[in-house]
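As stored in data.pdb (PDB, N, CA and C atoms):
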```pdb
MODEL        1
ATOM      1  N   MET O1162     -13.673 -17.223  -6.567
ATOM      2  CA  MET O1162     -14.096 -16.191  -7.484
ATOM      3  C   MET O1162     -13.007 -15.130  -7.585
ATOM      4  N   ALA O1163     -12.609 -14.807  -8.792
ATOM      5  CA  ALA O1163     -11.556 -13.825  -9.024
ATOM      6  C   ALA O1163     -12.073 -12.414  -8.779
ATOM      7  N   PHE O1164     -11.189 -11.567  -8.292
ATOM      8  CA  PHE O1164     -11.530 -10.172  -8.032
ATOM      9  C   PHE O1164     -11.522  -9.402  -9.349
ATOM     10  N   SER O1165     -12.510  -8.566  -9.559
ATOM     11  CA  SER O1165     -12.605  -7.748 -10.761
ATOM     12  C   SER O1165     -12.294  -6.295 -10.403
ATOM     13  N   SER O1166     -11.147  -5.809 -10.818
ATOM     14  CA  SER O1166     -10.703  -4.463 -10.469
ATOM     15  C   SER O1166     -11.117  -3.441 -11.511
ATOM     16  N   ARG O1167     -11.379  -2.216 -11.065
ATOM     17  CA  ARG O1167     -11.705  -1.129 -11.980
ATOM     18  C   ARG O1167     -10.476  -0.680 -12.766
ATOM     19  N   MET O1168      -9.288  -1.090 -12.356
ATOM     20  CA  MET O1168      -8.076  -0.703 -13.071
ATOM     21  C   MET O1168      -7.570  -1.784 -14.029
ATOM     22  N   LYS O1169      -8.345  -2.845 -14.189
ATOM     23  CA  LYS O1169      -7.950  -3.962 -15.045
ATOM     24  C   LYS O1169      -7.623  -3.478 -16.444
ATOM     25  N   ASP O1170      -6.434  -3.829 -16.912
ATOM     26  CA  ASP O1170      -5.937  -3.353 -18.194
ATOM     27  C   ASP O1170      -4.701  -4.185 -18.548
ATOM     28  N   PRO O1171      -4.459  -4.478 -19.806
ATOM     29  CA  PRO O1171      -3.272  -5.266 -20.172
ATOM     30  C   PRO O1171      -1.952  -4.634 -19.725
ATOM     31  N   LEU O1172      -1.856  -3.316 -19.769
ATOM     32  CA  LEU O1172      -0.622  -2.662 -19.333
ATOM     33  C   LEU O1172      -0.434  -2.800 -17.829
ATOM     34  N   VAL O1173      -1.511  -2.707 -17.075
ATOM     35  CA  VAL O1173      -1.436  -2.892 -15.624
ATOM     36  C   VAL O1173      -1.091  -4.350 -15.321
ATOM     37  N   ASP O1174      -1.673  -5.283 -16.067
ATOM     38  CA  ASP O1174      -1.323  -6.702 -15.902
ATOM     39  C   ASP O1174       0.189  -6.877 -16.048
ATOM     40  N   ARG O1175       0.756  -6.261 -17.076
ATOM     41  CA  ARG O1175       2.188  -6.391 -17.343
ATOM     42  C   ARG O1175       3.019  -5.784 -16.210
ATOM     43  N   LEU O1176       2.576  -4.637 -15.708
ATOM     44  CA  LEU O1176       3.270  -4.010 -14.581
ATOM     45  C   LEU O1176       3.263  -4.935 -13.369
ATOM     46  N   PHE O1177       2.102  -5.491 -13.041
ATOM     47  CA  PHE O1177       2.001  -6.373 -11.876
ATOM     48  C   PHE O1177       2.832  -7.636 -12.065
ATOM     49  N   GLU O1178       2.855  -8.170 -13.267
ATOM     50  CA  GLU O1178       3.715  -9.328 -13.553
ATOM     51  C   GLU O1178       5.173  -8.978 -13.297
ATOM     52  N   ALA O1179       5.582  -7.780 -13.726
ATOM     53  CA  ALA O1179       6.963  -7.337 -13.507
ATOM     54  C   ALA O1179       7.264  -7.224 -12.014
ATOM     55  N   VAL O1180       6.356  -6.628 -11.252
ATOM     56  CA  VAL O1180       6.566  -6.470  -9.813
ATOM     57  C   VAL O1180       6.689  -7.837  -9.141
ATOM     58  N   LEU O1181       5.857  -8.775  -9.558
ATOM     59  CA  LEU O1181       5.904 -10.113  -8.961
ATOM     60  C   LEU O1181       7.198 -10.860  -9.281
ATOM     61  N   MET O1182       7.941 -10.401 -10.278
ATOM     62  CA  MET O1182       9.217 -11.026 -10.631
ATOM     63  C   MET O1182      10.383 -10.508  -9.802
ATOM     64  N   LEU O1183      10.181  -9.434  -9.063
ATOM     65  CA  LEU O1183      11.250  -8.885  -8.231
ATOM     66  C   LEU O1183      11.553  -9.858  -7.098
ATOM     67  N   LYS O1184      12.835 -10.080  -6.844
ATOM     68  CA  LYS O1184      13.231 -11.123  -5.908
ATOM     69  C   LYS O1184      13.509 -10.641  -4.499
ATOM     70  N   ASP O1185      13.863  -9.376  -4.328
ATOM     71  CA  ASP O1185      14.180  -8.877  -2.989
ATOM     72  C   ASP O1185      14.043  -7.362  -2.957
ATOM     73  N   SER O1186      14.258  -6.790  -1.773
ATOM     74  CA  SER O1186      14.057  -5.346  -1.632
ATOM     75  C   SER O1186      15.047  -4.546  -2.466
ATOM     76  N   GLU O1187      16.258  -5.041  -2.659
ATOM     77  CA  GLU O1187      17.213  -4.319  -3.512
ATOM     78  C   GLU O1187      16.678  -4.216  -4.936
ATOM     79  N   GLU O1188      16.133  -5.307  -5.458
ATOM     80  CA  GLU O1188      15.544  -5.257  -6.798
ATOM     81  C   GLU O1188      14.354  -4.305  -6.834
ATOM     82  N   CYS O1189      13.572  -4.284  -5.762
ATOM     83  CA  CYS O1189      12.444  -3.342  -5.686
ATOM     84  C   CYS O1189      12.948  -1.908  -5.738
ATOM     85  N   TYR O1190      13.982  -1.598  -4.965
ATOM     86  CA  TYR O1190      14.538  -0.247  -4.993
ATOM     87  C   TYR O1190      15.009   0.114  -6.398
ATOM     88  N   ARG O1191      15.700  -0.802  -7.057
ATOM     89  CA  ARG O1191      16.201  -0.525  -8.406
ATOM     90  C   ARG O1191      15.057  -0.255  -9.381
ATOM     91  N   PHE O1192      14.055  -1.123  -9.352
ATOM     92  CA  PHE O1192      12.935  -0.997 -10.283
ATOM     93  C   PHE O1192      12.126   0.263 -10.004
ATOM     94  N   PHE O1193      11.737   0.471  -8.743
ATOM     95  CA  PHE O1193      10.905   1.624  -8.410
ATOM     96  C   PHE O1193      11.670   2.940  -8.544
ATOM     97  N   ASP O1194      12.997   2.902  -8.396
ATOM     98  CA  ASP O1194      13.804   4.100  -8.619
ATOM     99  C   ASP O1194      13.699   4.550 -10.076
ATOM    100  N   ASP O1195      13.634   3.591 -10.980
ATOM    101  CA  ASP O1195      13.470   3.900 -12.407
ATOM    102  C   ASP O1195      12.022   4.224 -12.763
ATOM    103  N   LEU O1196      11.095   3.548 -12.127
ATOM    104  CA  LEU O1196       9.680   3.631 -12.493
ATOM    105  C   LEU O1196       8.976   4.861 -11.945
ATOM    106  N   CYS O1197       9.273   5.242 -10.726
ATOM    107  CA  CYS O1197       8.517   6.280 -10.019
ATOM    108  C   CYS O1197       9.432   7.394  -9.532
ATOM    109  N   THR O1198       8.812   8.519  -9.231
ATOM    110  CA  THR O1198       9.550   9.567  -8.537
ATOM    111  C   THR O1198       9.664   9.183  -7.070
ATOM    112  N   VAL O1199      10.582   9.823  -6.373
ATOM    113  CA  VAL O1199      10.718   9.591  -4.942
ATOM    114  C   VAL O1199       9.403   9.923  -4.247
ATOM    115  N   GLY O1200       8.762  11.016  -4.636
ATOM    116  CA  GLY O1200       7.495  11.425  -4.030
ATOM    117  C   GLY O1200       6.390  10.411  -4.219
ATOM    118  N   GLU O1201       6.334   9.784  -5.399
ATOM    119  CA  GLU O1201       5.301   8.777  -5.658
ATOM    120  C   GLU O1201       5.483   7.561  -4.752
ATOM    121  N   VAL O1202       6.711   7.103  -4.624
ATOM    122  CA  VAL O1202       6.975   5.938  -3.775
ATOM    123  C   VAL O1202       6.708   6.284  -2.312
ATOM    124  N   LYS O1203       7.125   7.462  -1.898
ATOM    125  CA  LYS O1203       6.899   7.861  -0.498
ATOM    126  C   LYS O1203       5.404   8.014  -0.215
ATOM    127  N   ALA O1204       4.628   8.473  -1.193
ATOM    128  CA  ALA O1204       3.177   8.589  -1.002
ATOM    129  C   ALA O1204       2.553   7.208  -0.831
ATOM    130  N   LEU O1205       3.001   6.229  -1.613
ATOM    131  CA  LEU O1205       2.496   4.860  -1.467
ATOM    132  C   LEU O1205       2.871   4.296  -0.096
ATOM    133  N   ALA O1206       4.119   4.513   0.303
ATOM    134  CA  ALA O1206       4.581   4.028   1.608
ATOM    135  C   ALA O1206       3.788   4.690   2.741
ATOM    136  N   GLN O1207       3.510   5.977   2.585
ATOM    137  CA  GLN O1207       2.736   6.704   3.592
ATOM    138  C   GLN O1207       1.334   6.103   3.727
ATOM    139  N   ARG O1208       0.691   5.817   2.596
ATOM    140  CA  ARG O1208      -0.660   5.241   2.641
ATOM    141  C   ARG O1208      -0.667   3.885   3.330
ATOM    142  N   LEU O1209       0.345   3.076   3.065
ATOM    143  CA  LEU O1209       0.422   1.773   3.714
ATOM    144  C   LEU O1209       0.585   1.938   5.230
ATOM    145  N   GLU O1210       1.411   2.890   5.643
ATOM    146  CA  GLU O1210       1.584   3.130   7.080
ATOM    147  C   GLU O1210       0.301   3.673   7.699
ATOM    148  N   VAL O1211      -0.394   4.542   6.985
ATOM    149  CA  VAL O1211      -1.688   5.038   7.471
ATOM    150  C   VAL O1211      -2.645   3.866   7.663
ATOM    151  N   ALA O1212      -2.691   2.962   6.710
ATOM    152  CA  ALA O1212      -3.573   1.790   6.819
ATOM    153  C   ALA O1212      -3.197   0.941   8.028
ATOM    154  N   ARG O1213      -1.901   0.758   8.248
ATOM    155  CA  ARG O1213      -1.451  -0.030   9.395
ATOM    156  C   ARG O1213      -1.888   0.634  10.695
ATOM    157  N   MET O1214      -1.711   1.941  10.767
ATOM    158  CA  MET O1214      -2.066   2.663  11.993
ATOM    159  C   MET O1214      -3.579   2.687  12.205
ATOM    160  N   LEU O1215      -4.350   2.839  11.126
ATOM    161  CA  LEU O1215      -5.815   2.784  11.249
ATOM    162  C   LEU O1215      -6.260   1.416  11.751
ATOM    163  N   SER O1216      -5.642   0.370  11.219
ATOM    164  CA  SER O1216      -6.035  -0.980  11.641
ATOM    165  C   SER O1216      -5.645  -1.243  13.091
ATOM    166  N   ALA O1217      -4.710  -0.450  13.608
ATOM    167  CA  ALA O1217      -4.325  -0.543  15.020
ATOM    168  C   ALA O1217      -5.133   0.441  15.870
ATOM    169  N   ASN O1218      -6.195   1.005  15.269
ATOM    170  CA  ASN O1218      -7.119   1.916  15.959
ATOM    171  C   ASN O1218      -6.462   3.191  16.486
ATOM    172  N   GLN O1219      -5.454   3.681  15.793
ATOM    173  CA  GLN O1219      -4.843   4.940  16.186
ATOM    174  C   GLN O1219      -5.682   6.103  15.663
ATOM    175  N   THR O1220      -5.590   7.223  16.323
ATOM    176  CA  THR O1220      -6.411   8.379  15.975
ATOM    177  C   THR O1220      -5.867   9.094  14.739
ATOM    178  N   TYR O1221      -6.761   9.834  14.079
ATOM    179  CA  TYR O1221      -6.344  10.636  12.927
ATOM    180  C   TYR O1221      -5.211  11.583  13.323
ATOM    181  N   ALA O1222      -5.318  12.198  14.504
ATOM    182  CA  ALA O1222      -4.294  13.142  14.948
ATOM    183  C   ALA O1222      -2.937  12.457  15.089
ATOM    184  N   ASP O1223      -2.921  11.283  15.709
ATOM    185  CA  ASP O1223      -1.659  10.538  15.858
ATOM    186  C   ASP O1223      -1.100  10.133  14.500
ATOM    187  N   ILE O1224      -1.978   9.676  13.624
ATOM    188  CA  ILE O1224      -1.550   9.229  12.298
ATOM    189  C   ILE O1224      -0.981  10.402  11.506
ATOM    190  N   SER O1225      -1.677  11.522  11.535
ATOM    191  CA  SER O1225      -1.221  12.703  10.811
ATOM    192  C   SER O1225       0.122  13.188  11.344
ATOM    193  N   GLU O1226       0.254  13.205  12.657
ATOM    194  CA  GLU O1226       1.502  13.661  13.274
ATOM    195  C   GLU O1226       2.670  12.755  12.897
ATOM    196  N   ARG O1227       2.445  11.459  12.939
ATOM    197  CA  ARG O1227       3.535  10.501  12.682
ATOM    198  C   ARG O1227       3.886  10.395  11.205
ATOM    199  N   THR O1228       2.883  10.441  10.320
ATOM    200  CA  THR O1228       3.139  10.205   8.894
ATOM    201  C   THR O1228       3.163  11.471   8.055
ATOM    202  N   GLY O1229       2.577  12.534   8.568
ATOM    203  CA  GLY O1229       2.451  13.747   7.774
ATOM    204  C   GLY O1229       1.283  13.706   6.811
ATOM    205  N   ALA O1230       0.465  12.664   6.883
ATOM    206  CA  ALA O1230      -0.686  12.522   5.987
ATOM    207  C   ALA O1230      -1.780  13.503   6.380
ATOM    208  N   SER O1231      -2.459  14.014   5.365
ATOM    209  CA  SER O1231      -3.592  14.901   5.618
ATOM    210  C   SER O1231      -4.790  14.080   6.083
ATOM    211  N   THR O1232      -5.758  14.748   6.686
ATOM    212  CA  THR O1232      -6.966  14.034   7.103
ATOM    213  C   THR O1232      -7.711  13.497   5.885
ATOM    214  N   ALA O1233      -7.605  14.172   4.744
ATOM    215  CA  ALA O1233      -8.238  13.665   3.520
ATOM    216  C   ALA O1233      -7.604  12.336   3.099
ATOM    217  N   THR O1234      -6.286  12.252   3.167
ATOM    218  CA  THR O1234      -5.590  10.999   2.830
ATOM    219  C   THR O1234      -5.969   9.907   3.811
ATOM    220  N   ILE O1235      -5.996  10.240   5.084
ATOM    221  CA  ILE O1235      -6.355   9.254   6.106
ATOM    222  C   ILE O1235      -7.776   8.746   5.879
ATOM    223  N   SER O1236      -8.701   9.642   5.563
ATOM    224  CA  SER O1236     -10.092   9.248   5.290
ATOM    225  C   SER O1236     -10.182   8.345   4.063
ATOM    226  N   ARG O1237      -9.426   8.692   3.031
ATOM    227  CA  ARG O1237      -9.432   7.885   1.806
ATOM    228  C   ARG O1237      -8.895   6.491   2.084
ATOM    229  N   VAL O1238      -7.793   6.419   2.831
ATOM    230  CA  VAL O1238      -7.229   5.113   3.179
ATOM    231  C   VAL O1238      -8.221   4.323   4.022
ATOM    232  N   ARG O1239      -8.884   4.971   4.973
ATOM    233  CA  ARG O1239      -9.882   4.281   5.802
ATOM    234  C   ARG O1239     -10.981   3.679   4.928
ATOM    235  N   ARG O1240     -11.445   4.444   3.953
ATOM    236  CA  ARG O1240     -12.498   3.956   3.058
ATOM    237  C   ARG O1240     -12.025   2.716   2.291
ATOM    238  N   PHE O1241     -10.792   2.764   1.777
ATOM    239  CA  PHE O1241     -10.282   1.610   1.039
ATOM    240  C   PHE O1241      -9.906   0.461   1.954
ATOM    241  N   LEU O1242      -9.522   0.758   3.191
ATOM    242  CA  LEU O1242      -9.222  -0.294   4.167
ATOM    243  C   LEU O1242     -10.468  -1.124   4.440
ATOM    244  N   GLN O1243     -11.631  -0.483   4.348
ATOM    245  CA  GLN O1243     -12.900  -1.163   4.599
ATOM    246  C   GLN O1243     -13.568  -1.636   3.314
ATOM    247  N   SER O1244     -12.892  -1.484   2.181
ATOM    248  CA  SER O1244     -13.514  -1.799   0.889
ATOM    249  C   SER O1244     -13.609  -3.295   0.638
ATOM    250  N   GLU O1245     -14.403  -3.597  -0.343
ATOM    251  CA  GLU O1245     -14.623  -4.977  -0.757
ATOM    252  C   GLU O1245     -13.355  -5.633  -1.296
ATOM    253  N   ALA O1246     -12.484  -4.843  -1.926
ATOM    254  CA  ALA O1246     -11.265  -5.395  -2.522
ATOM    255  C   ALA O1246     -10.390  -6.087  -1.482
ATOM    256  N   GLY O1247     -10.268  -5.482  -0.307
ATOM    257  CA  GLY O1247      -9.523  -6.109   0.778
ATOM    258  C   GLY O1247      -8.019  -6.133   0.610
ATOM    259  N   GLY O1248      -7.500  -5.333  -0.305
ATOM    260  CA  GLY O1248      -6.059  -5.338  -0.559
ATOM    261  C   GLY O1248      -5.229  -4.909   0.637
ATOM    262  N   TYR O1249      -5.643  -3.837   1.291
ATOM    263  CA  TYR O1249      -4.913  -3.406   2.490
ATOM    264  C   TYR O1249      -4.962  -4.485   3.561
ATOM    265  N   ARG O1250      -6.146  -5.028   3.810
ATOM    266  CA  ARG O1250      -6.279  -6.056   4.859
ATOM    267  C   ARG O1250      -5.392  -7.256   4.554
ATOM    268  N   LEU O1251      -5.358  -7.655   3.291
ATOM    269  CA  LEU O1251      -4.544  -8.795   2.875
ATOM    270  C   LEU O1251      -3.072  -8.556   3.176
ATOM    271  N   ILE O1252      -2.549  -7.427   2.726
ATOM    272  CA  ILE O1252      -1.113  -7.197   2.891
ATOM    273  C   ILE O1252      -0.758  -6.890   4.339
ATOM    274  N   LEU O1253      -1.640  -6.206   5.063
ATOM    275  CA  LEU O1253      -1.353  -5.945   6.479
ATOM    276  C   LEU O1253      -1.288  -7.240   7.271
ATOM    277  N   ARG O1254      -2.173  -8.168   6.962
ATOM    278  CA  ARG O1254      -2.149  -9.476   7.639
ATOM    279  C   ARG O1254      -0.839 -10.212   7.313
ATOM    280  N   ARG O1255      -0.435 -10.182   6.059
ATOM    281  CA  ARG O1255       0.807 -10.862   5.669
ATOM    282  C   ARG O1255       2.028 -10.200   6.293
ATOM    283  N   LEU O1256       2.040  -8.878   6.353
ATOM    284  CA  LEU O1256       3.158  -8.180   6.992
ATOM    285  C   LEU O1256       3.224  -8.512   8.469
ATOM    286  N   GLN O1257       2.075  -8.585   9.119
ATOM    287  CA  GLN O1257       2.032  -8.922  10.540
ATOM    288  C   GLN O1257       2.566 -10.343  10.766
ATOM    289  N   GLU O1258       2.171 -11.283   9.906
ATOM    290  CA  GLU O1258       2.669 -12.652  10.007
ATOM    291  C   GLU O1258       4.188 -12.689   9.784
ATOM    292  N   HIS O1259       4.654 -11.909   8.813
ATOM    293  CA  HIS O1259       6.090 -11.860   8.516
ATOM    294  C   HIS O1259       6.870 -11.299   9.707
ATOM    295  N   ASP O1260       6.323 -10.256  10.342
ATOM    296  CA  ASP O1260       6.990  -9.626  11.480
ATOM    297  C   ASP O1260       7.055 -10.550  12.694
ATOM    298  N   ARG O1261       6.119 -11.473  12.814
ATOM    299  CA  ARG O1261       6.110 -12.413  13.943
ATOM    300  C   ARG O1261       7.230 -13.451  13.837
ATOM    301  N   ARG O1262       7.684 -13.695  12.635
ATOM    302  CA  ARG O1262       8.727 -14.733  12.440
ATOM    303  C   ARG O1262      10.073 -14.291  12.887
TER     304      ARG O1262
ENDMDL
END
```
What is this structure when it is put down as structure tokens?
Amino acid sequence: MAFSSRMKDPLVDRLFEAVLMLKDSEECYRFFDDLCTVGEVKALAQRLEVARMLSANQTYADISERTGASTATISRVRRFLQSEAGGYRLILRRLQEHDRR
């Protein structure tokens, strides 16, 4: 069964298709450098790290200290980490598998 996202839109489809065409981290840097501000990319990276730390059962205080994330951001990430979509869980599992190699 396919996942039905609240952000489903032809323009978002096109963006995701473009991202999936990137071949390596250098291409990602080039594309995201044009697409986003530094702050936007760093905010996304921060959320991913918060999700990783939450899944490792680290405390809000430790997470905030290490990432600079507010408790509101940490709470929001926790809510989405436990969501039905499972996007964080999916990518965290894949990153963990990649790191083991």
(message) Report, in Å to a single decimal, how far apart atom C of Arg1261 in chain O and atom C of Ser1216 in chain O are.
(response)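 Those two atoms sit 17.8 Å apart.
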(request) List every residue of chain O that DSSP, applied to the backbone of this structure, assigns to helix (DSSP H, G or I), and report them as a PyMOL selection string. (result) chain O and resi 1171-1181+1186-1196+1199-1216+1221-1228+1232-1242+1248-1261
(message) Report, in Å with one decimal, the straight-line distance from CA of Phe1164 in chain O to CA of Arg1240 in chain O.
(response) 18.0 Å
(request) Grab the CA of Phe1241 in chain O to CA of Cys1189 in chain O distance for me, in Å with one decimal place. (result)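 Interatomic distance here is 24.2 Å.
When only C-alpha atoms are used to compute distances to Met1168 in chain O, the closest of the residues O:Leu1209, O:Gln1219, O:Phe1193, O:Ala1246 turns out to be O:Ala1246.
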(message) I'd like to know which of O:Ala1233, O:Thr1198, O:Arg1239, O:Arg1167 is closest to Leu1215 in chain O, using all atoms listed in the file.
(response) O:Arg1239
(request) Identify, on the basis of only C-alpha atoms, every residue whose closest approach to Arg1254 in chain O does not exceed 12 Å; exclude the query and any residue fewer than 6 positions from it along the same chain; express the result as a ChimeraX atom specification. (result) /O:1212-1213,1216-1217,1247-1248,1260-1261
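Distance check against Thr1228 in chain O using all atoms listed in the file: of O:Leu1242, O:Leu1196, O:Val1211, O:Leu1172, the minimum falls on O:Val1211.
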Please determine an axis-aligned box that encloses all atoms of range 1217-1226 of chain O listed in the file, with 4 Å added on each side, and express its centre and edge lengths in Å to one decimal as lines of an AutoDock Vina configuration file.
```
center_x = -2.2
center_y = 6.6
center_z = 13.6
size_x = 17.8
size_y = 22.2
size_z = 13.7
```
(request) Please work out which residues fall within 12 Å of (6.5, -5.3, -9.9), coordinates as given in the file, with only C-alpha atoms counting, and return them as a list in words. (result)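 Residues with an atom close enough to that point: Val1173, Asp1174, Arg1175, Leu1176, Phe1177, Glu1178, Ala1179, Val1180, Leu1181, Met1182, Leu1183, Lys1184, Asp1185, Ser1186, Glu1188, Cys1189, Tyr1190, Arg1191, Phe1192, Phe1193, Asp1194, Asp1195, Leu1196 and Cys1197 of chain O.
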